[in-house]
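Asker: This is my_file.csv, which holds CSV, C-alpha atoms and all ligand atoms:
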```csv
chain,number,residue,atom,x,y,z
S,1,MET,CA,139.2,103.8,99.2
S,2,ASN,CA,139.3,100.3,100.6
S,3,THR,CA,142.3,99.5,102.8
S,4,TYR,CA,140.2,98.1,105.7
S,5,THR,CA,141.1,94.9,107.4
S,6,THR,CA,138.8,95.0,110.4
S,7,THR,CA,135.0,94.8,110.8
S,8,GLN,CA,133.5,96.2,114.0
S,9,LEU,CA,130.0,95.1,114.8
S,10,VAL,CA,128.2,97.4,117.2
S,11,PHE,CA,124.7,96.7,118.4
S,12,PHE,CA,122.0,97.2,121.1
S,13,SER,CA,119.8,94.1,121.0
S,14,PRO,CA,117.7,93.1,124.0
S,15,THR,CA,115.9,90.2,122.1
S,16,HIS,CA,118.9,89.4,119.8
S,17,THR,CA,117.3,90.1,116.4
S,18,SER,CA,119.5,93.2,115.7
S,19,ALA,CA,122.6,91.2,116.8
S,20,LYS,CA,121.7,88.3,114.4
S,21,ILE,CA,121.4,90.7,111.5
S,22,ALA,CA,124.6,92.5,112.4
S,23,ARG,CA,126.5,89.1,112.5
S,24,ALA,CA,125.0,87.9,109.2
S,25,VAL,CA,126.1,91.2,107.6
S,26,GLY,CA,129.6,90.7,109.1
S,27,GLU,CA,129.7,87.2,107.6
S,28,GLY,CA,128.9,88.6,104.2
S,29,ILE,CA,131.7,91.2,104.5
S,30,GLY,CA,133.9,88.3,105.2
S,31,MET,CA,136.9,90.0,106.8
S,32,GLY,CA,139.1,87.9,109.0
S,33,ARG,CA,139.2,90.3,111.9
S,34,ARG,CA,135.8,90.9,113.4
S,35,ILE,CA,135.3,92.8,116.7
S,36,GLU,CA,131.9,92.9,118.5
S,37,THR,CA,130.8,95.8,120.7
S,38,ASP,CA,127.5,94.8,122.4
S,39,LEU,CA,126.0,97.8,124.1
S,40,THR,CA,122.9,96.0,125.4
S,41,LEU,CA,123.9,95.6,129.0
S,42,ASP,CA,126.6,98.2,129.0
S,43,GLU,CA,125.7,101.4,130.8
S,44,ASP,CA,129.3,102.8,130.8
S,45,LEU,CA,129.7,106.2,129.2
S,46,THR,CA,133.4,106.2,128.4
S,47,PRO,CA,134.0,107.0,124.7
S,48,ILE,CA,134.7,104.2,122.3
S,49,GLU,CA,136.9,105.2,119.4
S,50,ILE,CA,136.5,103.2,116.2
S,51,ARG,CA,139.4,103.9,113.9
S,52,ASP,CA,140.1,102.5,110.4
S,53,ALA,CA,137.3,99.8,110.6
S,54,LEU,CA,134.3,99.0,108.5
S,55,THR,CA,131.6,99.4,111.2
S,56,VAL,CA,128.2,97.7,111.2
S,57,ILE,CA,125.7,99.5,113.6
S,58,ALA,CA,122.4,97.7,114.3
S,59,VAL,CA,119.6,98.9,116.5
S,60,PRO,CA,115.9,98.1,117.1
S,61,VAL,CA,113.1,100.5,116.2
S,62,TYR,CA,110.9,101.7,119.0
S,63,GLY,CA,107.9,103.8,118.0
S,64,GLY,CA,109.3,104.5,114.5
S,65,ARG,CA,112.5,105.9,115.9
S,66,VAL,CA,115.9,104.4,117.1
S,67,ALA,CA,115.2,102.8,120.5
S,68,PRO,CA,116.1,105.7,122.8
S,69,VAL,CA,118.4,103.7,125.1
S,70,ALA,CA,120.2,102.5,122.0
S,71,LEU,CA,120.6,106.0,120.8
S,72,GLN,CA,122.0,107.1,124.2
S,73,ARG,CA,124.5,104.3,124.1
S,74,LEU,CA,125.6,104.9,120.5
S,75,LYS,CA,126.6,108.4,121.6
S,76,ARG,CA,129.8,106.9,123.1
S,77,LEU,CA,131.1,106.0,119.7
S,78,ARG,CA,133.6,108.1,117.8
S,79,GLY,CA,134.2,107.1,114.2
S,80,ILE,CA,137.6,108.0,112.7
S,81,ASN,CA,138.1,107.0,109.1
S,82,ALA,CA,135.3,104.5,109.6
S,83,PRO,CA,132.7,103.7,106.9
S,84,ALA,CA,129.5,102.5,108.4
S,85,ILE,CA,126.7,100.0,107.4
S,86,LEU,CA,123.6,101.2,109.3
S,87,ILE,CA,120.8,98.8,110.2
S,88,THR,CA,117.5,99.2,111.9
S,89,VAL,CA,115.5,96.1,112.9
S,90,TYR,CA,111.7,96.4,113.3
S,91,GLY,CA,108.8,94.1,114.2
S,92,ASN,CA,107.0,94.1,110.9
S,93,ARG,CA,104.9,97.2,111.5
S,94,ASP,CA,107.1,100.0,110.2
S,95,TYR,CA,110.4,101.7,110.8
S,96,GLU,CA,109.3,105.3,109.9
S,97,ASP,CA,112.2,107.7,110.6
S,98,ALA,CA,114.5,105.3,112.5
S,99,LEU,CA,116.9,104.7,109.7
S,100,LEU,CA,117.2,108.4,108.8
S,101,GLU,CA,117.8,109.1,112.5
S,102,LEU,CA,120.5,106.4,112.6
S,103,ARG,CA,122.2,107.8,109.5
S,104,ASP,CA,122.2,111.4,110.9
S,105,THR,CA,123.5,110.2,114.3
S,106,ALA,CA,126.3,108.2,112.6
S,107,VAL,CA,127.4,111.3,110.7
S,108,GLU,CA,127.4,113.3,113.9
S,109,LEU,CA,129.6,110.7,115.5
S,110,GLY,CA,132.1,110.9,112.7
S,111,PHE,CA,131.2,107.8,110.6
S,112,MET,CA,130.9,107.8,106.9
S,113,PRO,CA,127.6,106.1,105.9
S,114,LEU,CA,128.3,103.4,103.2
S,115,SER,CA,125.0,101.6,103.1
S,116,ALA,CA,121.8,101.1,105.2
S,117,ALA,CA,119.0,98.7,105.6
S,118,ALA,CA,115.8,98.0,107.5
S,119,PHE,CA,115.4,94.4,108.4
S,120,ILE,CA,112.5,92.6,110.2
S,121,GLY,CA,112.8,90.9,113.6
S,122,GLU,CA,110.3,89.1,115.7
S,123,HIS,CA,108.4,91.7,117.6
S,124,SER,CA,109.3,92.2,121.2
S,125,TYR,CA,105.6,91.7,122.1
S,126,SER,CA,105.2,88.5,120.0
S,127,THR,CA,104.1,85.5,122.1
S,128,PRO,CA,103.2,82.0,120.9
S,129,ALA,CA,99.5,82.9,121.4
S,130,ARG,CA,99.8,86.1,119.5
S,131,PRO,CA,102.7,85.9,117.1
S,132,ILE,CA,104.1,89.0,115.4
S,133,ALA,CA,106.8,88.3,112.8
S,134,ALA,CA,107.6,85.2,114.9
S,135,GLY,CA,110.9,83.5,114.1
S,136,ARG,CA,112.4,86.5,112.2
S,137,PRO,CA,115.0,87.0,111.1
S,138,ASP,CA,114.6,83.6,109.3
S,139,ALA,CA,116.9,81.9,106.9
S,140,SER,CA,115.8,84.1,104.0
S,141,ASP,CA,116.4,87.3,106.0
S,142,LEU,CA,119.8,86.1,107.1
S,143,GLN,CA,120.8,85.3,103.6
S,144,LYS,CA,119.7,88.7,102.5
S,145,ALA,CA,121.7,90.2,105.3
S,146,GLU,CA,124.8,88.3,104.2
S,147,CYS,CA,124.4,89.4,100.5
S,148,PHE,CA,123.9,92.9,101.7
S,149,GLY,CA,127.2,92.7,103.6
S,150,GLN,CA,128.9,91.4,100.5
S,151,ASP,CA,127.4,94.1,98.3
S,152,SER,CA,128.4,96.8,100.8
S,153,TRP,CA,132.0,95.5,100.8
S,154,LYS,CA,132.0,95.6,96.9
S,155,LYS,CA,130.7,99.2,97.0
S,156,LEU,CA,133.5,100.2,99.3
S,157,CYS,CA,136.1,98.6,97.0
S,158,GLU,CA,134.7,100.4,93.9
S,159,VAL,CA,134.2,104.0,95.1
S,160,SER,CA,136.8,106.7,95.6
S,161,SER,CA,134.7,108.7,98.0
S,162,LEU,CA,131.3,108.3,99.7
S,163,PRO,CA,128.5,110.7,98.6
S,164,GLU,CA,125.6,111.4,101.0
S,165,LEU,CA,123.6,108.2,101.5
S,166,PHE,CA,119.9,108.3,100.8
S,167,VAL,CA,117.6,106.4,103.2
S,168,LYS,CA,113.9,106.5,103.7
S,169,GLY,CA,112.5,108.8,106.4
S,170,ASN,CA,111.3,112.3,107.2
S,171,THR,CA,112.4,115.3,109.3
S,172,PRO,CA,111.3,116.4,111.7
S,173,TYR,CA,111.4,112.8,112.9
S,174,LYS,CA,108.2,111.1,114.2
S,175,GLU,CA,107.4,112.4,117.7
S,176,LEU,CA,108.6,110.2,120.5
S,177,LYS,CA,105.7,109.2,122.7
S,178,ALA,CA,106.7,108.5,126.3
S,179,GLY,CA,103.7,106.3,127.1
S,180,GLN,CA,102.5,105.2,130.5
S,181,PRO,CA,105.2,103.4,132.7
S,182,ALA,CA,104.5,99.7,132.5
S,183,CYS,CA,106.6,96.5,132.8
S,184,PRO,CA,106.3,92.7,132.6
S,185,VAL,CA,105.2,90.9,135.8
S,186,CYS,CA,106.0,87.4,137.2
S,187,THR,CA,103.3,84.7,137.5
S,188,GLU,CA,103.2,82.0,140.2
S,189,ASN,CA,105.4,79.9,137.9
S,190,CYS,CA,108.4,82.1,138.8
S,191,PHE,CA,111.0,80.1,140.7
S,192,VAL,CA,113.3,83.1,141.2
S,193,CYS,CA,116.1,81.7,139.1
S,194,GLY,CA,117.3,85.2,138.3
S,195,GLU,CA,117.8,84.8,134.6
S,196,CYS,CA,115.6,87.8,133.8
S,197,VAL,CA,117.8,89.9,136.1
S,198,GLU,CA,120.9,89.1,134.0
S,199,VAL,CA,119.4,90.2,130.7
S,200,CYS,CA,117.7,93.5,131.6
S,201,PRO,CA,119.4,96.3,129.7
S,202,THR,CA,118.5,99.0,132.2
S,203,HIS,CA,119.0,96.9,135.4
S,204,ALA,CA,115.3,97.4,136.3
S,205,ILE,CA,114.9,93.9,137.8
S,206,ARG,CA,116.3,92.5,141.0
S,207,VAL,CA,115.7,89.6,143.4
S,208,SER,CA,114.1,90.9,146.6
S,209,GLU,CA,116.2,91.1,149.7
S,210,ASP,CA,114.7,87.9,151.3
S,211,GLY,CA,115.3,86.1,148.0
S,212,SER,CA,111.6,85.1,147.7
S,213,ARG,CA,110.5,87.1,144.6
S,214,ILE,CA,111.5,89.3,141.7
S,215,GLU,CA,111.1,93.1,141.9
S,216,THR,CA,110.9,95.4,138.9
S,217,ASP,CA,111.4,99.1,138.8
S,218,VAL,CA,108.6,100.2,136.4
S,219,ASN,CA,110.3,103.6,135.8
S,220,ARG,CA,113.5,102.0,134.6
S,221,CYS,CA,111.7,99.5,132.3
S,222,ILE,CA,112.0,100.2,128.5
S,223,LYS,CA,109.5,97.4,127.7
S,224,CYS,CA,112.1,95.5,125.6
S,225,CYS,CA,110.8,92.1,126.7
S,226,ALA,CA,114.2,90.6,127.0
S,227,CYS,CA,113.1,89.2,130.4
S,228,VAL,CA,109.9,87.7,129.0
S,229,LYS,CA,111.8,85.9,126.2
S,230,VAL,CA,114.6,84.5,128.4
S,231,CYS,CA,112.4,83.1,131.1
S,232,PRO,CA,112.8,79.3,131.1
S,233,ASN,CA,109.4,78.8,132.7
S,234,GLU,CA,107.2,81.2,130.8
S,235,ALA,CA,106.7,82.9,134.1
S,236,ARG,CA,107.2,86.5,133.0
S,237,ILE,CA,104.4,88.1,131.0
S,238,PHE,CA,103.9,91.6,129.6
S,239,ASP,CA,100.2,92.1,129.1
S,240,ASN,CA,99.7,95.2,127.0
S,241,PRO,CA,96.9,96.3,124.6
S,242,PHE,CA,99.3,96.8,121.6
S,243,ALA,CA,100.2,93.1,121.2
S,244,ALA,CA,96.7,92.1,120.0
S,245,ILE,CA,96.4,95.0,117.7
S,246,LEU,CA,99.9,94.4,116.2
S,247,HIS,CA,99.1,90.7,115.8
S,248,GLU,CA,95.9,91.4,113.9
S,249,ARG,CA,97.0,94.4,111.8
S,250,PHE,CA,100.6,93.6,110.9
S,251,ASN,CA,100.5,90.0,109.8
S,252,VAL,CA,101.4,90.5,106.2
S,253,ARG,CA,105.1,89.7,105.8
S,254,ARG,CA,107.3,92.7,105.1
S,255,GLU,CA,110.7,92.3,103.4
S,256,PRO,CA,114.1,94.0,104.1
S,257,GLU,CA,114.7,97.3,102.4
S,258,LEU,CA,118.3,98.0,101.3
S,259,PHE,CA,119.9,101.4,100.5
S,260,LEU,CA,123.3,101.1,98.7
S,301,LIG,C1,108.9,99.8,123.1
S,301,LIG,C2,108.9,99.1,121.7
S,301,LIG,C3,108.5,99.8,120.6
S,301,LIG,C4,108.5,99.2,119.4
S,301,LIG,N1,108.2,99.9,118.3
S,301,LIG,C5,108.2,99.3,117.0
S,301,LIG,C6,107.8,100.0,115.9
S,301,LIG,O1,107.5,101.3,115.9
S,301,LIG,N2,107.7,99.4,114.7
S,301,LIG,C7,107.9,98.0,114.6
S,301,LIG,O2,107.7,97.5,113.5
S,301,LIG,N3,108.4,97.3,115.7
S,301,LIG,C8,108.5,98.0,116.9
S,301,LIG,N4,109.0,97.3,118.0
S,301,LIG,C9,109.5,95.9,117.8
S,301,LIG,C10,111.0,95.9,117.7
S,301,LIG,O3,111.5,96.9,116.8
S,301,LIG,C11,111.5,94.5,117.1
S,301,LIG,O4,111.0,93.5,117.9
S,301,LIG,C12,113.0,94.3,117.1
S,301,LIG,O5,113.3,93.2,116.3
S,301,LIG,C13,113.6,94.2,118.4
S,301,LIG,O6,115.1,94.2,118.3
S,301,LIG,P1,116.0,93.4,119.3
S,301,LIG,O7,115.7,91.9,119.1
S,301,LIG,O8,117.4,93.7,118.7
S,301,LIG,O9,115.8,93.8,120.6
S,301,LIG,C14,109.0,97.8,119.2
S,301,LIG,C15,109.4,97.2,120.4
S,301,LIG,C16,109.4,97.8,121.6
S,301,LIG,C17,109.8,97.0,122.8
S,302,LIG,S1,113.5,84.1,134.5
S,302,LIG,FE1,111.4,83.5,134.9
S,302,LIG,S2,111.5,82.0,136.5
S,302,LIG,FE2,113.5,83.0,136.5
S,302,LIG,S3,113.3,84.7,138.0
S,302,LIG,FE3,112.8,85.6,136.0
S,302,LIG,S4,110.5,85.3,135.9
S,302,LIG,FE4,111.2,84.0,137.5
S,303,LIG,S1,112.2,94.7,133.0
S,303,LIG,FE1,111.7,96.0,131.3
S,303,LIG,S2,113.7,96.8,130.5
S,303,LIG,FE2,114.1,95.0,131.9
S,303,LIG,S3,114.3,93.3,130.5
S,303,LIG,FE3,112.2,93.4,131.2
S,303,LIG,S4,111.1,94.6,129.7
S,303,LIG,FE4,113.3,94.9,129.4
```
I need this file expressed as structure tokens, please.
Answerer:
Amino acid sequence: MNTYTTTQLVFFSPTHTSAKIARAVGEGIGMGRRIETDLTLDEDLTPIEIRDALTVIAVPVYGGRVAPVALQRLKRLRGINAPAILITVYGNRDYEDALLELRDTAVELGFMPLSAAAFIGEHSYSTPARPIAAGRPDASDLQKAECFGQDSWKKLCEVSSLPELFVKGNTPYKELKAGQPACPVCTENCFVCGECVEVCPTHAIRVSEDGSRIETDVNRCIKCCACVKVCPNEARIFDNPFAAILHERFNVRREPELFL
């Protein structure tokens, strides 16, 4: 069933780990024509039709589910004759029902699941003082992602139709816990360069009217930590009780899981 000549990479990736995995999978597929649809900063709701393209969809795991904003943004997609490689990226704790939720969503949107995988990325809450899966995906992860892309492509060349794809996870999906509103704050090291404003996926950050400080709308913040990681002066911090627990309890390296 393989007459495809285009790979379309679609991702939501505030701290870039899902994007890195999607690109490595795209390398492995090795098709000349590769299109990227980055939904991270894109709040537009107009439908995006993906027709006749092998599609790679990569999203982060939040609370054992697909990150809610990622899910919202994926709902713009319409797959038409589009096999899909589905990827969740999680911070070395667990991905629980996120991959199953992504598979079910992809089917609802018209895609044909070809393969799926859960990869590990540096945890959004990881800091140099309390690392959690720091530096991941590393070279070994990226090589696995490339091979996974290659193997998915081979599968597409060999099969005449795609049966339902098995992935790990349960229904009903793990309950989504809203949690208390919270957001990173700026320390006195902030020199109001505005870089954090540019990377916020929900546009929760702005420079104050008099230009003297950074203001954050706590109710818009999804705690993704893109602003923390981009700050050139380590002036943005997110002090939350989970970071220490994750650092202590989830320090044994987990490896990618592949479903082909
Ligand atoms: C609000 C929130 C919830 C998260 N929940 C989980 C989780 O349930 N399990 C896990 O292992 N990692 C969790 N993470 C970590 C992210 O899944 C991980 O850092 C991922 O690599 C981020 O992807 P990105 O770099 O594409 O943004 C969470 C991160 C955030 C911000
Ligand atoms: S990126 Fe850092 S220094 Fe620049 S405005 Fe944001 S918090 Fe301040
Ligand atoms: S303010 Fe919140 S949503 Fe915006 S980048 Fe920072 S952590 Fe992410």
Asker: Quick one: residues within 6 Å of ligand LIG 302 (chain S), with all atoms listed in the file, as a ChimeraX atom specification?
Answerer: /S:186,190-196,231-233,235-236
Asker: Convert the current residue selection to file output with C-alpha atoms, as an mmCIF file, keeping the file's coordinate frame.
Answerer:
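Result went into part17.cif, see below:
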```
data_model
loop_
_atom_site.group_PDB
_atom_site.id
_atom_site.type_symbol
_atom_site.label_atom_id
_atom_site.label_comp_id
_atom_site.auth_asym_id
_atom_site.auth_seq_id
_atom_site.Cartn_x
_atom_site.Cartn_y
_atom_site.Cartn_z
ATOM 1 C CA CYS S 186 106.000 87.400 137.200
ATOM 2 C CA CYS S 190 108.400 82.100 138.800
ATOM 3 C CA PHE S 191 111.000 80.100 140.700
ATOM 4 C CA VAL S 192 113.300 83.100 141.200
ATOM 5 C CA CYS S 193 116.100 81.700 139.100
ATOM 6 C CA GLY S 194 117.300 85.200 138.300
ATOM 7 C CA GLU S 195 117.800 84.800 134.600
ATOM 8 C CA CYS S 196 115.600 87.800 133.800
ATOM 9 C CA CYS S 231 112.400 83.100 131.100
ATOM 10 C CA PRO S 232 112.800 79.300 131.100
ATOM 11 C CA ASN S 233 109.400 78.800 132.700
ATOM 12 C CA ALA S 235 106.700 82.900 134.100
ATOM 13 C CA ARG S 236 107.200 86.500 133.000
#
```
Asker: State, in Å with one decimal place, the distance from atom CA of Ala178 of chain S to atom S1 of ligand LIG 303 (chain S).
Answerer: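 Calculated distance between atom CA of Ala178 of chain S and atom S1 of ligand LIG 303 (chain S) is 16.3 Å.
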Asker: Residues within 8 Å of ligand LIG 303 (chain S) (only C-alpha atoms and all ligand atoms), as a list in words?
Answerer: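 Listed by chain and ascending number, the contacts are Pro14, Cys183, Pro184, Cys196, Val197, Val199, Cys200, Pro201, Thr202, His203, Ala204, Ile205, Thr216, Asp217, Val218, Arg220, Cys221, Ile222, Lys223, Cys224, Cys225, Ala226, Cys227, Val228 and Phe238 of chain S.
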Asker: Residues up to 8 Å from ligand LIG 301 (chain S), counting all atoms listed in the file: could you list those as a PyMOL selection string?
Answerer: chain S and resi 11-19+58-65+67+89-96+120-126+136+222-226
Asker: Write out as a count of residues only each polymer residue whose atoms come within 8 Å of Ile21 of chain S, counting all atoms listed in the file; drop sequence neighbours fewer than 4 positions from it.
Answerer: 7
Asker: Considering only C-alpha atoms, state which residue in the set S:Ile87, S:Ala133, S:Leu102, S:Leu71 is at the smallest distance from Leu258 of chain S.
Answerer: S:Ile87
Asker: Taking into account all atoms listed in the file, which residue in the set S:Ala139, S:Leu45, S:Val10, S:Ala129 is nearest to Ala106 of chain S?
Answerer: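 So, comparing all the options, the nearest one is S:Val10.
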Asker: What gap, in Å, lies between atom CA of Glu36 of chain S and atom CA of Ala70 of chain S?
Answerer: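 Pair atom CA of Glu36 of chain S / atom CA of Ala70 of chain S returns 15.5 Å.
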Asker: Would you list the residues near (144.1, 102.7, 105.4), meaning any protein, DNA or RNA residue with an atom at most 12 Å from that point in file coordinates, counting only C-alpha atoms, as a PyMOL selection string?
Answerer: chain S and resi 1-6+51-54+80-83
Asker: Atom CA of Pro131 of chain S to atom CA of Ala182 of chain S: how many Å, to one decimal?
Answerer: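 Here the two named atoms are 20.8 Å from each other.
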Asker: What's the 12 Å shell around Phe111 of chain S, counting only C-alpha atoms, without same-chain residues fewer than 2 positions away, as an NGL selection string?
Answerer: :S and (49-57 or 74-75 or 77-86 or 102-109 or 113-115 or 162 or 164-165)
Asker: Kindly indicate which residue among S:Glu146, S:Glu209, S:Asp151, S:Asp138 lies nearest to Phe259 of chain S, using all atoms listed in the file for the distances.
Answerer: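 The answer is S:Asp151, which sits nearest to Phe259 of chain S.
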Asker: Could you check the closest approach to Gly149 of chain S for each of S:Thr37, S:Thr171, S:Asn240, S:Thr7 and tell me which residue wins, using all atoms listed in the file?
Answerer: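 Ranking S:Thr37, S:Thr171, S:Asn240, S:Thr7 by distance to Gly149 of chain S, first place goes to S:Thr7.
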Asker: Could you tell me which of S:Ala24, S:Arg76, S:Asn219, S:Lys177 comes closest to Pro47 of chain S if we count all atoms listed in the file?
Answerer: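 For Pro47 of chain S, the nearest of the given residues is S:Arg76.
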Asker: Residues near Ile29 of chain S, anyone? I mean within 6 Å using all atoms listed in the file, not counting same-chain ones fewer than 2 positions away, as a list of chain:residue names.
Answerer: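 That gives S:Gly26, S:Glu27, S:Met31, S:Gly149, S:Gln150, S:Trp153.
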Asker: Would you mind telling me which residue in S:Glu188, S:Glu234, S:Asp210, S:Glu101 lies nearest to Phe166 of chain S when using all atoms listed in the file?
Answerer: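 Selected residue with least distance to Phe166 of chain S: S:Glu101.
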Asker: Can you give me all heavy atoms for segment 51-60 of chain S, written as a short mmCIF file (atom, residue, chain, number, x, y, z; two decimals), in the frame of the given file?
Answerer:
```cif
data_model
loop_
_atom_site.label_atom_id
_atom_site.label_comp_id
_atom_site.auth_asym_id
_atom_site.auth_seq_id
_atom_site.Cartn_x
_atom_site.Cartn_y
_atom_site.Cartn_z
N ARG S 51 138.48 103.28 114.87
CA ARG S 51 139.40 103.90 113.90
C ARG S 51 139.70 102.88 112.80
O ARG S 51 139.96 101.72 113.07
CB ARG S 51 140.67 104.30 114.63
CG ARG S 51 141.64 105.12 113.82
CD ARG S 51 142.89 105.35 114.64
NE ARG S 51 142.72 106.36 115.67
CZ ARG S 51 142.91 107.67 115.48
NH1 ARG S 51 143.28 108.11 114.31
NH2 ARG S 51 142.73 108.52 116.47
N ASP S 52 139.63 103.32 111.56
CA ASP S 52 140.10 102.50 110.40
C ASP S 52 139.35 101.14 110.37
O ASP S 52 139.98 100.12 110.05
CB ASP S 52 141.57 102.25 110.42
CG ASP S 52 142.36 103.56 110.45
OD1 ASP S 52 141.90 104.53 109.83
OD2 ASP S 52 143.41 103.60 111.11
N ALA S 53 138.06 101.11 110.70
CA ALA S 53 137.30 99.80 110.60
C ALA S 53 136.01 100.02 109.92
O ALA S 53 135.34 101.03 110.10
CB ALA S 53 137.09 99.31 112.05
N LEU S 54 135.66 99.02 109.12
CA LEU S 54 134.30 99.00 108.50
C LEU S 54 133.35 98.63 109.64
O LEU S 54 133.46 97.55 110.22
CB LEU S 54 134.27 98.00 107.37
CG LEU S 54 132.91 97.75 106.74
CD1 LEU S 54 132.21 99.05 106.33
CD2 LEU S 54 133.04 96.83 105.52
N THR S 55 132.43 99.54 109.95
CA THR S 55 131.60 99.40 111.20
C THR S 55 130.16 99.06 110.78
O THR S 55 129.59 99.70 109.91
CB THR S 55 131.65 100.71 111.96
OG1 THR S 55 133.03 101.08 112.15
CG2 THR S 55 131.00 100.57 113.32
N VAL S 56 129.61 98.07 111.43
CA VAL S 56 128.20 97.70 111.20
C VAL S 56 127.47 98.12 112.50
O VAL S 56 127.83 97.66 113.60
CB VAL S 56 128.05 96.18 111.01
CG1 VAL S 56 126.58 95.81 110.84
CG2 VAL S 56 128.86 95.72 109.81
N ILE S 57 126.48 99.01 112.38
CA ILE S 57 125.70 99.50 113.60
C ILE S 57 124.28 98.99 113.42
O ILE S 57 123.62 99.34 112.44
CB ILE S 57 125.79 100.99 113.70
CG1 ILE S 57 127.24 101.49 113.76
CG2 ILE S 57 125.02 101.45 114.95
CD1 ILE S 57 127.40 103.01 113.82
N ALA S 58 123.80 98.19 114.36
CA ALA S 58 122.40 97.70 114.30
C ALA S 58 121.66 97.93 115.55
O ALA S 58 122.15 97.64 116.66
CB ALA S 58 122.48 96.15 114.00
N VAL S 59 120.46 98.48 115.39
CA VAL S 59 119.60 98.90 116.50
C VAL S 59 118.16 98.56 116.26
O VAL S 59 117.73 98.57 115.12
CB VAL S 59 119.76 100.36 116.87
CG1 VAL S 59 121.13 100.69 117.43
CG2 VAL S 59 119.45 101.23 115.66
N PRO S 60 117.36 98.34 117.31
CA PRO S 60 115.90 98.10 117.10
C PRO S 60 115.17 99.45 116.95
O PRO S 60 115.62 100.50 117.42
CB PRO S 60 115.47 97.45 118.41
CG PRO S 60 116.59 97.50 119.36
CD PRO S 60 117.76 98.17 118.73
#
```
